[in-house]
Structures are given as C-alpha cells and as structure tokens.
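Engineer: This structure is in structure tokens; I'll ask about it shortly.
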Amino acid sequence: MLRVRCLRGGSRGAEAAHYIGSRLRGAFTGWVQRTFQSTQAAAASQNTCAADDKATSPVPKDCLVCSYNEWDPLEEVIVGRAENACVPPFSVEVKANTYEKYWGFYQKFGGQSFPKDHLKKAVAEIEEMCNILKGEGVIVKRPDPIDWSVKYKTPDFESTGMYAAMPRDILLVVGNEIIEAPMAWRARFFEYRAYRRLIKDYFNSGAKWTTAPKPTMADELYDQNYPIHSVEDRHKLAAQGKFVTTEFEPCFDAADFIRAGRDIFVQRSQVTNYMGIEWMRRHLAPDYRVHIISFKDPNPMHIDATFNIIGPGLVLSNPDRPCHQIELFKKAGWTVIQPPVPLIPDDHPLWMSSKWLSMNVLMLDEKRVMVDANETSIQKMFEKLGISTIKVNIRHANSLGGGFHCWTCDIRRRGTLQSYLD
C-alpha cells in the first residue's frame, strides 16, 4: 500500500495532512494538488490530502505531438544541426558500419571536427532546408548546439561525442509518444542531451515521453573480433545473421524503424539487436504490431535508405538491397517501387552512408516530397507518380550520413491511426 508522507511524522503524514486540509482547505489543498497530481497513485487515492480534487486529463487536447506514419500532412518537425559535428573515434562498432576506404579518415580525425569548410556548407544547406520547410507551412524546431569534442568516461568506456544532425536516429514518434532510442555507438551515448529542451516542452504540452533502457555499451555489447575486410565479408556475415552488436543488452537506433499506422517495420542491423526490437514490440503492444523484415544488405544500418514508405500502401524498395519479405506487401496490395540509380558522383565524400540517400526523402504529405535538387532521375519518378517535388540541395549535409528523412523527425502530422496492411 502506498503511503503518502505529506508532513514530518512518518506514516502519520497522510492523516495530518487530511486534518490540516480540513482546517485550511483553500491554501493547503491547492498545494497538495500541485505536489501529487502528477502520479497515478495520488490521483487514484481516495484518502490522500487532495481527496476532493479531480485529476486533470493526462493528455490535453492541444498536445503538440501526434504522428502515425511517414506521409500524413506534416505540421511540425525537428531538423538536426551540423554545428560542432565531430568524427567519432574509430571503435569496433564504427569500423563495422563504415566503408574500408574511409577507415584512415576515422583513424586520423576521430574525436576531432569534421572538415570545417565542409561543415560550413552543410550548415548553410540545412538552414536553407529549414527556410523552405517554413515556406511550406511547417513549424521547424532545432536541437541545442553542443560541444561534441568533449571527452567523457563511463565505468565501461571512454569516448567523445558526434553530433545532433540526425534526429531520426534517436527519436521515434508513435502517436502522441516520443521514444528516445538507446543508440549503439559509444560516440552517440549522450546525444539525447541536445534534444532534452524540446522533449520537455512537448511533454509539458501533454505528450508521452519514454526513454528506452540505456545500454552500458560495455565491451560485451560488441563482437570485438568482428571480421570485416571486404564487401564479400560483409555479405557473408549479414547472410548468416551476424552483426557487430551482440545480444548482451537491448540496443537500437530509431532509424531502423519505419511506421505505417498500426504496423511498424524494423530490421536487425549493426546498431539494432533482437533484444532492442523485442523491447519495442512489448512496449508498443497491443496497439501496434512490430514486424521484422530483412534485406540482402552487406551492411544494414537504418532502414530508410533501403525501405522507405512514402504513402498508404506505397513503398520505395532499394533495388540493390531487395527485401526478403516483399511478397507480404504485394499480397496486401501495396505498390512497390524501385527508385532509379543515384546520380551522386563517386568522388563526393560519404563518410557514413551510401549513395542511396537519394531515396531518403521526406514526405510533406501524400502529394509533396522533399528531394535532393541534384537527383533529377528520382524527381522524374515522383512526378510520374503525381507527387510534386520540393527540390533542396543538401549534398554536403549528405556527407554526415543522412538525407532529408534522416535530418528530420516529424513531430506532428495531421492524421489518424489506421491499419494499412490488413
């Protein structure tokens, strides 16, 4: 039984409060209400200090957070920051997620800033992207700038930070709930700090706020001898279901999940393990169904440049990374579209991603899409589908590891919860 200790006096506090409340009802009851109405126990209790006061609705009607899919009309969005972005230290999980041709870059610059001139151009591109979103009627919020070069230490590891460029990686909005992902890279352990001011504001507006179990990121979470030396190695390991992250504790990046109403799709990847997926499955049940899907992908990390749902029953499926469960969607009547080969040149630095960021688009609604200004082939594809393209150049921002979908987290879309798979 819960005992509410309103005053000194141990377990007699509740009785004392009741007595004083009856004598000083106007002043004291208001104080008690403010103190305890935030807990379900106090609201449900019939013999606590504020017995005559009614609990307020836990989710006000004016809650700013509500998003069920990737295509309902976008009203509010968080856009990341390139400012102060640092190269992550060359740890085993970074090595497993990056291409061999960039390993020397990480070994040389880990813990230091990305090239300053490149960052400056990326910052300008994202500012222009924000301006265009505002011009389309979307409210834009930004995370706080933080010095990511600061070294930190936990009982299990040491590292420096990375950035707050990709809110899609760390935040997943499901209905009126914001879920903070635990992450899997040590350089991203404290990335949540850049978003806490925003999340507190959304919480105060009535949103739910959940932080998934934070992994220790101890050595046991990673296969320290993960054997990758070539693309062939990567293909072989992925086919065997072997990844650099183990099942030592739950971990996941939010960007490995993609939403379609009641159905949410996820992949086991280098940063998302089965324990993390199972945590999400239990957390979201029974209102949502979490489906594991997989791809012929030598280095799976984040689903939205492989499988990007752009409308009700409409999905972009990467032709280089075919989905093993694609018949599930075809049988449900979905239209599966293979986007054209990206046009980004081979000499453009992509330190953390592949060229397929061209399909990493942001839907403003079913008939408007934000797409790279340089990718004319995919622009034509969208136009044939009757979808207007909003063209923005973020080539330098791409180098940091994301396209429009990665650089954003939609906070509010105007729509309702529906099922698109049944």
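Residues are referred to by chain and number: the chain letter is A, B, ... according to the order shown in the structure tokens, the number counts from 1 in that chain, and ligands are numbered separately from 1 in the order shown.
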For Lys116 (chain A), please output as JSON, numbers by chain all residues within 10 Å (counting only C-alpha atoms; exclusion window: fewer than 5 positions along the same chain).

Structural biologist: {"A": [83, 84, 85, 121, 122]}

Engineer: His324 (chain A): which residues within 12 Å, counting only C-alpha atoms, same-chain residues fewer than 5 positions away excluded, as a ChimeraX atom specification?

Structural biologist: /A:239,267,292-297,307,317-319,329

Engineer: Neighbours of Asn299 (chain A) within 9 Å (only C-alpha atoms; same-chain residues fewer than 6 positions away dropped), as a VMD selection string?

Structural biologist: chain A and resid 96 to 98 231 234 to 235 238 243 269 to 270

Engineer: Could you turn the residues from that selection into a file that holds all heavy atoms, as a CSV table (one decimal), in the first residue's frame?

Structural biologist:
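And here's out.csv as it stands now:
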chain,number,residue,atom,x,y,z
A,96,ALA,N,32.7,-1.4,-38.2
A,96,ALA,CA,31.8,-2.3,-38.8
A,96,ALA,C,30.7,-1.6,-39.6
A,96,ALA,O,30.1,-2.2,-40.5
A,96,ALA,CB,31.1,-3.1,-37.7
A,97,ASN,N,30.5,-0.3,-39.4
A,97,ASN,CA,29.5,0.4,-40.0
A,97,ASN,C,29.9,1.3,-41.1
A,97,ASN,O,29.2,2.0,-41.8
A,97,ASN,CB,28.7,1.3,-39.0
A,97,ASN,CG,27.7,0.4,-38.2
A,97,ASN,OD1,26.6,0.2,-38.7
A,97,ASN,ND2,28.1,0.0,-37.1
A,98,THR,N,31.2,1.4,-41.4
A,98,THR,CA,31.8,2.3,-42.4
A,98,THR,C,32.6,1.5,-43.4
A,98,THR,O,33.0,0.4,-43.2
A,98,THR,CB,32.7,3.4,-41.7
A,98,THR,OG1,33.7,2.7,-40.9
A,98,THR,CG2,31.9,4.3,-40.8
A,231,VAL,N,33.7,-6.2,-49.0
A,231,VAL,CA,32.3,-6.3,-49.2
A,231,VAL,C,31.8,-7.7,-49.1
A,231,VAL,O,30.7,-8.0,-48.6
A,231,VAL,CB,31.9,-5.6,-50.5
A,231,VAL,CG1,30.4,-5.8,-50.8
A,231,VAL,CG2,32.2,-4.1,-50.5
A,234,ARG,N,31.3,-8.8,-45.6
A,234,ARG,CA,30.0,-8.2,-45.1
A,234,ARG,C,28.8,-8.9,-45.6
A,234,ARG,O,27.9,-9.2,-44.8
A,234,ARG,CB,30.0,-6.7,-45.5
A,234,ARG,CG,31.0,-5.8,-44.9
A,234,ARG,CD,31.0,-4.4,-45.6
A,234,ARG,NE,32.1,-3.5,-45.1
A,234,ARG,CZ,31.9,-2.7,-44.1
A,234,ARG,NH1,30.8,-2.6,-43.5
A,234,ARG,NH2,32.9,-1.9,-43.7
A,235,HIS,N,28.8,-9.3,-46.9
A,235,HIS,CA,27.6,-10.0,-47.4
A,235,HIS,C,27.5,-11.4,-46.7
A,235,HIS,O,26.4,-11.8,-46.3
A,235,HIS,CB,27.8,-10.2,-48.9
A,235,HIS,CG,27.3,-9.1,-49.8
A,235,HIS,ND1,25.9,-8.9,-49.9
A,235,HIS,CD2,27.9,-8.2,-50.5
A,235,HIS,CE1,25.7,-7.9,-50.7
A,235,HIS,NE2,26.9,-7.4,-51.1
A,238,ALA,N,26.3,-10.9,-43.0
A,238,ALA,CA,24.9,-10.5,-43.0
A,238,ALA,C,24.0,-11.6,-43.3
A,238,ALA,O,22.9,-11.8,-42.7
A,238,ALA,CB,24.7,-9.3,-43.9
A,243,PHE,N,26.3,-9.8,-36.7
A,243,PHE,CA,26.4,-8.4,-36.7
A,243,PHE,C,27.4,-8.0,-35.6
A,243,PHE,O,27.7,-8.8,-34.7
A,243,PHE,CB,25.1,-7.7,-36.4
A,243,PHE,CG,24.0,-8.1,-37.4
A,243,PHE,CD1,23.2,-9.1,-37.1
A,243,PHE,CD2,23.9,-7.4,-38.6
A,243,PHE,CE1,22.2,-9.5,-38.0
A,243,PHE,CE2,22.9,-7.8,-39.5
A,243,PHE,CZ,22.1,-8.8,-39.2
A,269,SER,N,20.1,-5.0,-37.4
A,269,SER,CA,21.1,-4.3,-38.1
A,269,SER,C,22.4,-4.3,-37.3
A,269,SER,O,22.4,-4.8,-36.2
A,269,SER,CB,20.7,-2.9,-38.5
A,269,SER,OG,20.8,-2.0,-37.4
A,270,GLN,N,23.4,-3.5,-37.7
A,270,GLN,CA,24.6,-3.4,-37.0
A,270,GLN,C,24.4,-2.6,-35.7
A,270,GLN,O,25.2,-2.7,-34.7
A,270,GLN,CB,25.7,-2.6,-37.8
A,270,GLN,CG,26.1,-3.4,-39.1
A,270,GLN,CD,26.9,-4.6,-38.9
A,270,GLN,OE1,27.0,-5.2,-37.8
A,270,GLN,NE2,27.7,-5.0,-39.9

Engineer: Can you pull out the residues contacting Val92 (chain A)? Cut-off 8 Å, using only C-alpha atoms, and skip same-chain residues under 2 positions away; I want them as number ranges by chain.

Structural biologist: A: 90, 94-96, 222-224, 226, 244

Engineer: With only C-alpha atoms as the counted atoms, please give the residues lying no more than 10 Å from Arg368 (chain A), apart from itself and same-chain residues fewer than 4 positions off, as a PyMOL selection string.

Structural biologist: chain A and resi 71+73+136+362-364+382-383+386-390

Engineer: Taking only region 144-362 of chain A into account, list the residues labelled helix (DSSP H, G or I) by DSSP (computed from the backbone), as an MDAnalysis selection string.

Structural biologist: chainID A and resid 167:170 186:188 191:204 219:221 231:239 254:256 274:284 326:331 355:359

Engineer: Pick out the residues sitting within 8 Å of Val174 (chain A), and hand them over as a ChimeraX atom specification; count only C-alpha atoms, and ignore anything fewer than 5 positions along from it in its own chain.

Structural biologist: /A:66-68,179

Engineer: Residues at most 12 Å from Thr154 (chain A), counting only C-alpha atoms, excluding those fewer than 2 positions away in the same chain, as a PDB file with N, CA, C and O atoms, in the first residue's frame?

Structural biologist:
ATOM      1  N   LYS A 151      35.495  15.099 -24.095  1.00  0.00           N
ATOM      2  CA  LYS A 151      35.702  13.696 -23.763  1.00  0.00           C
ATOM      3  C   LYS A 151      34.857  13.325 -22.547  1.00  0.00           C
ATOM      4  O   LYS A 151      34.690  14.118 -21.632  1.00  0.00           O
ATOM      5  N   TYR A 152      34.335  12.118 -22.563  1.00  0.00           N
ATOM      6  CA  TYR A 152      33.583  11.639 -21.407  1.00  0.00           C
ATOM      7  C   TYR A 152      33.953  10.190 -21.113  1.00  0.00           C
ATOM      8  O   TYR A 152      34.499   9.479 -21.965  1.00  0.00           O
ATOM      9  N   ASP A 156      32.414   1.902 -18.211  1.00  0.00           N
ATOM     10  CA  ASP A 156      32.646   0.873 -19.215  1.00  0.00           C
ATOM     11  C   ASP A 156      33.428   1.326 -20.444  1.00  0.00           C
ATOM     12  O   ASP A 156      33.963   0.491 -21.165  1.00  0.00           O
ATOM     13  N   PHE A 157      33.492   2.619 -20.715  1.00  0.00           N
ATOM     14  CA  PHE A 157      34.196   3.075 -21.908  1.00  0.00           C
ATOM     15  C   PHE A 157      34.494   4.567 -21.831  1.00  0.00           C
ATOM     16  O   PHE A 157      33.951   5.292 -20.998  1.00  0.00           O
ATOM     17  N   GLU A 158      35.340   5.023 -22.758  1.00  0.00           N
ATOM     18  CA  GLU A 158      35.646   6.434 -22.935  1.00  0.00           C
ATOM     19  C   GLU A 158      35.374   6.807 -24.384  1.00  0.00           C
ATOM     20  O   GLU A 158      35.547   5.987 -25.291  1.00  0.00           O
ATOM     21  N   SER A 159      34.956   8.049 -24.610  1.00  0.00           N
ATOM     22  CA  SER A 159      34.687   8.477 -25.979  1.00  0.00           C
ATOM     23  C   SER A 159      34.556   9.992 -26.027  1.00  0.00           C
ATOM     24  O   SER A 159      34.587  10.680 -24.990  1.00  0.00           O
ATOM     25  N   THR A 160      34.424  10.502 -27.234  1.00  0.00           N
ATOM     26  CA  THR A 160      33.948  11.864 -27.471  1.00  0.00           C
ATOM     27  C   THR A 160      32.602  11.729 -28.171  1.00  0.00           C
ATOM     28  O   THR A 160      32.209  10.636 -28.586  1.00  0.00           O
ATOM     29  N   ARG A 186      29.110   4.275 -29.144  1.00  0.00           N
ATOM     30  CA  ARG A 186      29.555   4.947 -27.927  1.00  0.00           C
ATOM     31  C   ARG A 186      29.657   6.457 -28.118  1.00  0.00           C
ATOM     32  O   ARG A 186      29.422   7.219 -27.178  1.00  0.00           O
ATOM     33  N   ALA A 187      29.993   6.891 -29.321  1.00  0.00           N
ATOM     34  CA  ALA A 187      30.091   8.328 -29.596  1.00  0.00           C
ATOM     35  C   ALA A 187      28.735   9.017 -29.550  1.00  0.00           C
ATOM     36  O   ALA A 187      28.669  10.251 -29.522  1.00  0.00           O
ATOM     37  N   PHE A 189      26.321   8.167 -27.163  1.00  0.00           N
ATOM     38  CA  PHE A 189      25.749   7.834 -25.864  1.00  0.00           C
ATOM     39  C   PHE A 189      24.979   9.015 -25.267  1.00  0.00           C
ATOM     40  O   PHE A 189      23.887   8.855 -24.715  1.00  0.00           O
ATOM     41  N   PHE A 190      25.552  10.221 -25.357  1.00  0.00           N
ATOM     42  CA  PHE A 190      24.934  11.399 -24.744  1.00  0.00           C
ATOM     43  C   PHE A 190      24.246  12.316 -25.764  1.00  0.00           C
ATOM     44  O   PHE A 190      23.960  13.480 -25.470  1.00  0.00           O
ATOM     45  N   PRO A 215      21.788   1.233 -22.747  1.00  0.00           N
ATOM     46  CA  PRO A 215      22.793   0.178 -22.608  1.00  0.00           C
ATOM     47  C   PRO A 215      24.059   0.699 -21.943  1.00  0.00           C
ATOM     48  O   PRO A 215      24.378   1.887 -22.025  1.00  0.00           O
ATOM     49  N   THR A 216      24.768  -0.183 -21.298  1.00  0.00           N
ATOM     50  CA  THR A 216      26.056   0.214 -20.723  1.00  0.00           C
ATOM     51  C   THR A 216      27.089   0.452 -21.810  1.00  0.00           C
ATOM     52  O   THR A 216      28.046   1.185 -21.610  1.00  0.00           O
ATOM     53  N   MET A 217      26.874  -0.177 -22.980  1.00  0.00           N
ATOM     54  CA  MET A 217      27.847  -0.152 -24.078  1.00  0.00           C
ATOM     55  C   MET A 217      29.202  -0.691 -23.630  1.00  0.00           C
ATOM     56  O   MET A 217      30.263  -0.243 -24.054  1.00  0.00           O
ATOM     57  N   ALA A 218      29.138  -1.675 -22.748  1.00  0.00           N
ATOM     58  CA  ALA A 218      30.352  -2.376 -22.327  1.00  0.00           C
ATOM     59  C   ALA A 218      30.877  -3.206 -23.491  1.00  0.00           C
ATOM     60  O   ALA A 218      30.194  -3.407 -24.499  1.00  0.00           O
TER      61      ALA A 218
END

Engineer: Considering only C-alpha atoms, can you say which of A:Leu64, A:Thr335, A:Asn69, A:Val315 comes closest to Phe203 (chain A)?

Structural biologist: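 Using only C-alpha atoms, the shortest distance to Phe203 (chain A) belongs to A:Leu64.
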
Engineer: Choose the residue, out of A:Leu328, A:Pro300, A:Asp219, A:Ala184, that has the smallest atom-to-atom separation from Leu237 (chain A); count only C-alpha atoms.

Structural biologist: A:Pro300

Engineer: What does the distance between CA of Gln418 (chain A) and CA of Asp263 (chain A) come to in Å, to one decimal place?

Structural biologist: 8.9 Å

Engineer: Nearest residue to Ile394 (chain A) out of A:Leu314, A:Val371, A:Val138, A:Ala207, using only C-alpha atoms?

Structural biologist: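 Closest candidate: A:Val371.
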
Engineer: Can you measure CA of Arg193 (chain A) to CA of Trp351 (chain A) for me? One decimal in Å is fine.

Structural biologist: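 Distance between the two atoms: 23.9 Å.
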